[in-house]
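Content type mmCIF, C-alpha atoms and all ligand atoms, from the file my_file_3.cif:
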data_target
loop_
_atom_site.group_PDB
_atom_site.id
_atom_site.type_symbol
_atom_site.label_atom_id
_atom_site.label_comp_id
_atom_site.auth_asym_id
_atom_site.auth_seq_id
_atom_site.Cartn_x
_atom_site.Cartn_y
_atom_site.Cartn_z
ATOM 1 C CA MET A 1 70.843 92.226 74.899
ATOM 2 C CA LYS A 2 74.012 91.906 76.836
ATOM 3 C CA LEU A 3 77.153 90.415 75.463
ATOM 4 C CA TYR A 4 79.525 88.902 77.961
ATOM 5 C CA LYS A 5 83.208 88.317 77.743
ATOM 6 C CA LYS A 6 85.243 85.978 79.876
ATOM 7 C CA GLU A 7 87.764 87.490 82.258
ATOM 8 C CA THR A 8 90.240 85.779 84.452
ATOM 9 C CA HIS A 9 90.989 87.321 87.809
ATOM 10 C CA THR A 10 93.891 86.513 90.001
ATOM 11 C CA ILE A 11 93.359 86.548 93.731
ATOM 12 C CA GLU A 12 96.034 86.561 96.367
ATOM 13 C CA ARG A 13 95.777 84.301 99.357
ATOM 14 C CA ILE A 14 98.213 84.024 102.206
ATOM 15 C CA ALA A 15 100.292 80.944 101.467
ATOM 16 C CA GLU A 16 102.606 81.211 104.416
ATOM 17 C CA VAL A 17 103.237 83.520 107.358
ATOM 18 C CA ARG A 18 106.734 83.929 108.767
ATOM 19 C CA CYS A 19 107.748 85.646 111.949
ATOM 20 C CA ASN A 20 109.724 88.781 111.067
ATOM 21 C CA CYS A 21 111.804 88.400 114.213
ATOM 22 C CA CYS A 22 112.993 84.771 114.101
ATOM 23 C CA GLY A 23 111.972 83.774 110.576
ATOM 24 C CA LYS A 24 109.996 80.768 111.792
ATOM 25 C CA ILE A 25 106.984 79.709 109.758
ATOM 26 C CA ILE A 26 103.743 80.235 111.646
ATOM 27 C CA GLU A 27 102.381 76.707 111.503
ATOM 28 C CA LYS A 28 98.869 75.902 110.421
ATOM 29 C CA ASN A 29 96.580 73.802 112.527
ATOM 30 C CA LYS A 30 94.760 70.742 111.264
ATOM 31 C CA TYR A 31 91.983 72.958 109.917
ATOM 32 C CA GLY A 32 94.389 74.938 107.725
ATOM 33 C CA TYR A 33 94.357 78.081 109.828
ATOM 34 C CA SER A 34 97.557 79.677 111.058
ATOM 35 C CA THR A 35 98.138 79.382 114.759
ATOM 36 C CA ASP A 36 97.760 82.686 116.537
ATOM 37 C CA TYR A 37 100.342 85.378 115.930
ATOM 38 C CA LEU A 38 100.657 89.149 116.164
ATOM 39 C CA SER A 39 100.191 91.101 112.948
ATOM 40 C CA VAL A 40 100.970 94.825 112.981
ATOM 41 C CA GLU A 41 100.377 97.428 110.306
ATOM 42 C CA LYS A 42 101.333 101.017 110.935
ATOM 43 C CA ARG A 43 101.314 104.073 108.723
ATOM 44 C CA TRP A 44 103.359 106.763 110.379
ATOM 45 C CA GLY A 45 101.769 110.153 110.383
ATOM 46 C CA TYR A 46 102.519 113.816 110.448
ATOM 47 C CA GLY A 47 104.950 114.808 113.156
ATOM 48 C CA SER A 48 106.810 111.517 113.043
ATOM 49 C CA SER A 49 110.326 111.229 111.630
ATOM 50 C CA MET A 50 108.832 108.378 109.566
ATOM 51 C CA ASP A 51 105.953 110.467 108.227
ATOM 52 C CA GLY A 52 104.288 108.676 105.327
ATOM 53 C CA GLU A 53 106.091 105.368 105.829
ATOM 54 C CA ARG A 54 104.077 102.191 106.125
ATOM 55 C CA HIS A 55 105.427 99.360 108.215
ATOM 56 C CA SER A 56 103.996 95.910 108.744
ATOM 57 C CA PHE A 57 105.317 92.826 110.464
ATOM 58 C CA ASP A 58 104.212 89.560 112.011
ATOM 59 C CA LEU A 59 105.494 87.970 115.191
ATOM 60 C CA CYS A 60 105.168 84.406 116.414
ATOM 61 C CA GLU A 61 103.961 83.842 119.949
ATOM 62 C CA ASP A 62 107.457 83.051 121.289
ATOM 63 C CA CYS A 63 108.953 86.286 119.926
ATOM 64 C CA TYR A 64 105.977 88.271 121.141
ATOM 65 C CA LYS A 65 106.439 86.905 124.660
ATOM 66 C CA ARG A 66 110.176 87.626 124.591
ATOM 67 C CA ILE A 67 109.663 91.205 123.368
ATOM 68 C CA ILE A 68 106.927 92.115 125.827
ATOM 69 C CA SER A 69 108.957 90.633 128.686
ATOM 70 C CA ALA A 70 111.438 93.494 128.067
ATOM 71 C CA PHE A 71 108.741 96.158 128.504
ATOM 72 C CA LYS A 72 109.124 98.348 131.579
ATOM 73 C CA LEU A 73 105.377 98.402 131.867
ATOM 74 C CA GLY A 74 103.533 95.187 131.179
ATOM 75 C CA VAL A 75 100.888 94.833 128.493
ATOM 76 C CA GLU A 76 97.342 95.502 129.468
ATOM 77 C CA GLY A 77 94.516 93.126 128.875
ATOM 78 C CA GLU A 78 92.346 90.382 130.139
ATOM 79 C CA ASP A 79 93.177 86.734 130.389
HETATM 80 ZN ZN ZN B 1 109.388 84.424 116.067
#
Any chance you could give the structure as structure tokens?
Amino acid sequence: MKLYKKETHTIERIAEVRCNCCGKIIEKNKYGYSTDYLSVEKRWGYGSSMDGERHSFDLCEDCYKRIISAFKLGVEGED
């Protein structure tokens, strides 16, 4: 025989995404999904001056375009 007890679990869901660069809220479309944005997570490794640090940030499309326009070499990819 198994006896069960009730447990309550809390889950975390993304309520809002803000662009780290301009602070703008990444809007949701009519289906409740955030419009496209860049999300970066990086854990710096051995040999880096930031060894062991974990960085993450999100960028809206406008800030992404502005930042990559300053690159000496353009981004690679398909369109
Ligand atoms: Zn932005």
Residue contacts of Val75 (chain A) (12 Å, all atoms listed in the file) excluding same-chain residues fewer than 5 positions away, as a list in words: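 Listing them by chain and then by number gives Tyr64, Lys65, Ile67, Ile68, Ser69 and Ala70 of chain A.
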Axis-aligned box for all listed atoms of region 11-19 of chain A, 6 Å per side, centre and edges in Å to one decimal, as AutoDock Vina command-line options:
--center_x 100.6 --center_y 83.8 --center_z 102.8 --size_x 26.4 --size_y 17.6 --size_z 30.2
Could you tell me how far CA of Glu12 (chain A) sits from CA of Lys30 (chain A), in Å to one decimal place? 21.8 Å
Extract, using all atoms listed in the file, all DNA, RNA and protein residues at most 12 Å from Glu41 (chain A), discarding same-chain residues fewer than 6 positions from it, and format them as a ChimeraX atom specification. /A:53-59
Applying 7 Å and all atoms listed in the file, which residues near Gly52 (chain A) remain after dropping the ones on its own chain fewer than 4 positions away? List them as a PDB file with C-alpha atoms, keeping the file's coordinate frame.
ATOM      1  CA  ARG A  43     101.314 104.073 108.723  1.00  0.00           C
ATOM      2  CA  TRP A  44     103.359 106.763 110.379  1.00  0.00           C
ATOM      3  CA  GLY A  45     101.769 110.153 110.383  1.00  0.00           C
TER       4      GLY A  45
END
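Between atom ZN of ligand ZN 1 (chain B) and CA of Asn20 (chain A) lies a distance of 6.6 Å.
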Which polymer residues, protein or nucleic acid, are no farther than 12 Å from (96.6, 81.9, 100.8), counting all atoms listed in the file, as a PyMOL selection string? chain A and resi 11-17+28+32-34
In Å, rounded to a single decimal, give me how far CA of Val40 (chain A) is from CA of His9 (chain A).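 It comes out at 28.1 Å.
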For ligand ZN 1 (chain B), collect every residue having any atom at a distance of at most 8 Å from a ligand atom (counting only C-alpha atoms and all ligand atoms); output as a PDB file with C-alpha atoms, in the frame of the given file.
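Once everything was written out, this is pocket-v3.pdb:
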ATOM      1  CA  ARG A  18     106.734  83.929 108.767  1.00  0.00           C
ATOM      2  CA  CYS A  19     107.748  85.646 111.949  1.00  0.00           C
ATOM      3  CA  ASN A  20     109.724  88.781 111.067  1.00  0.00           C
ATOM      4  CA  CYS A  21     111.804  88.400 114.213  1.00  0.00           C
ATOM      5  CA  CYS A  22     112.993  84.771 114.101  1.00  0.00           C
ATOM      6  CA  GLY A  23     111.972  83.774 110.576  1.00  0.00           C
ATOM      7  CA  LYS A  24     109.996  80.768 111.792  1.00  0.00           C
ATOM      8  CA  LEU A  59     105.494  87.970 115.191  1.00  0.00           C
ATOM      9  CA  CYS A  60     105.168  84.406 116.414  1.00  0.00           C
ATOM     10  CA  GLU A  61     103.961  83.842 119.949  1.00  0.00           C
ATOM     11  CA  ASP A  62     107.457  83.051 121.289  1.00  0.00           C
ATOM     12  CA  CYS A  63     108.953  86.286 119.926  1.00  0.00           C
ATOM     13  CA  TYR A  64     105.977  88.271 121.141  1.00  0.00           C
TER      14      TYR A  64
END
How would region 29-41 of chain A look written as a PDB file, in the first residue's frame with N, CA and C atoms?
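Once written, out.pdb looks like this:
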ATOM      1  N   ASN A  29       3.246  38.602 -29.183  1.00  0.00           N
ATOM      2  CA  ASN A  29       2.317  38.649 -30.308  1.00  0.00           C
ATOM      3  C   ASN A  29       0.929  38.206 -29.839  1.00  0.00           C
ATOM      4  N   LYS A  30       0.006  38.158 -30.746  1.00  0.00           N
ATOM      5  CA  LYS A  30      -1.373  37.840 -30.370  1.00  0.00           C
ATOM      6  C   LYS A  30      -1.542  36.417 -29.840  1.00  0.00           C
ATOM      7  N   TYR A  31      -0.518  35.583 -30.051  1.00  0.00           N
ATOM      8  CA  TYR A  31      -0.583  34.213 -29.557  1.00  0.00           C
ATOM      9  C   TYR A  31       0.086  34.071 -28.184  1.00  0.00           C
ATOM     10  N   GLY A  32       0.613  35.176 -27.660  1.00  0.00           N
ATOM     11  CA  GLY A  32       1.237  35.148 -26.342  1.00  0.00           C
ATOM     12  C   GLY A  32       2.716  34.847 -26.351  1.00  0.00           C
ATOM     13  N   TYR A  33       3.292  34.725 -27.540  1.00  0.00           N
ATOM     14  CA  TYR A  33       4.721  34.454 -27.636  1.00  0.00           C
ATOM     15  C   TYR A  33       5.477  35.762 -27.850  1.00  0.00           C
ATOM     16  N   SER A  34       6.653  35.853 -27.223  1.00  0.00           N
ATOM     17  CA  SER A  34       7.474  37.036 -27.406  1.00  0.00           C
ATOM     18  C   SER A  34       7.927  37.120 -28.852  1.00  0.00           C
ATOM     19  N   THR A  35       7.956  38.355 -29.370  1.00  0.00           N
ATOM     20  CA  THR A  35       8.511  38.523 -30.698  1.00  0.00           C
ATOM     21  C   THR A  35       9.983  38.149 -30.630  1.00  0.00           C
ATOM     22  N   ASP A  36      10.592  37.933 -31.752  1.00  0.00           N
ATOM     23  CA  ASP A  36      11.942  37.382 -31.768  1.00  0.00           C
ATOM     24  C   ASP A  36      12.945  38.350 -31.145  1.00  0.00           C
ATOM     25  N   TYR A  37      13.885  37.802 -30.448  1.00  0.00           N
ATOM     26  CA  TYR A  37      14.945  38.581 -29.813  1.00  0.00           C
ATOM     27  C   TYR A  37      16.161  37.687 -29.649  1.00  0.00           C
ATOM     28  N   LEU A  38      17.295  38.299 -29.342  1.00  0.00           N
ATOM     29  CA  LEU A  38      18.526  37.537 -29.137  1.00  0.00           C
ATOM     30  C   LEU A  38      18.709  37.283 -27.649  1.00  0.00           C
ATOM     31  N   SER A  39      18.928  36.034 -27.293  1.00  0.00           N
ATOM     32  CA  SER A  39      19.174  35.657 -25.909  1.00  0.00           C
ATOM     33  C   SER A  39      20.538  34.988 -25.836  1.00  0.00           C
ATOM     34  N   VAL A  40      21.419  35.515 -24.998  1.00  0.00           N
ATOM     35  CA  VAL A  40      22.785  35.001 -24.907  1.00  0.00           C
ATOM     36  C   VAL A  40      23.066  34.549 -23.484  1.00  0.00           C
ATOM     37  N   GLU A  41      23.660  33.379 -23.376  1.00  0.00           N
ATOM     38  CA  GLU A  41      24.151  32.893 -22.084  1.00  0.00           C
ATOM     39  C   GLU A  41      25.579  32.442 -22.294  1.00  0.00           C
TER      40      GLU A  41
END
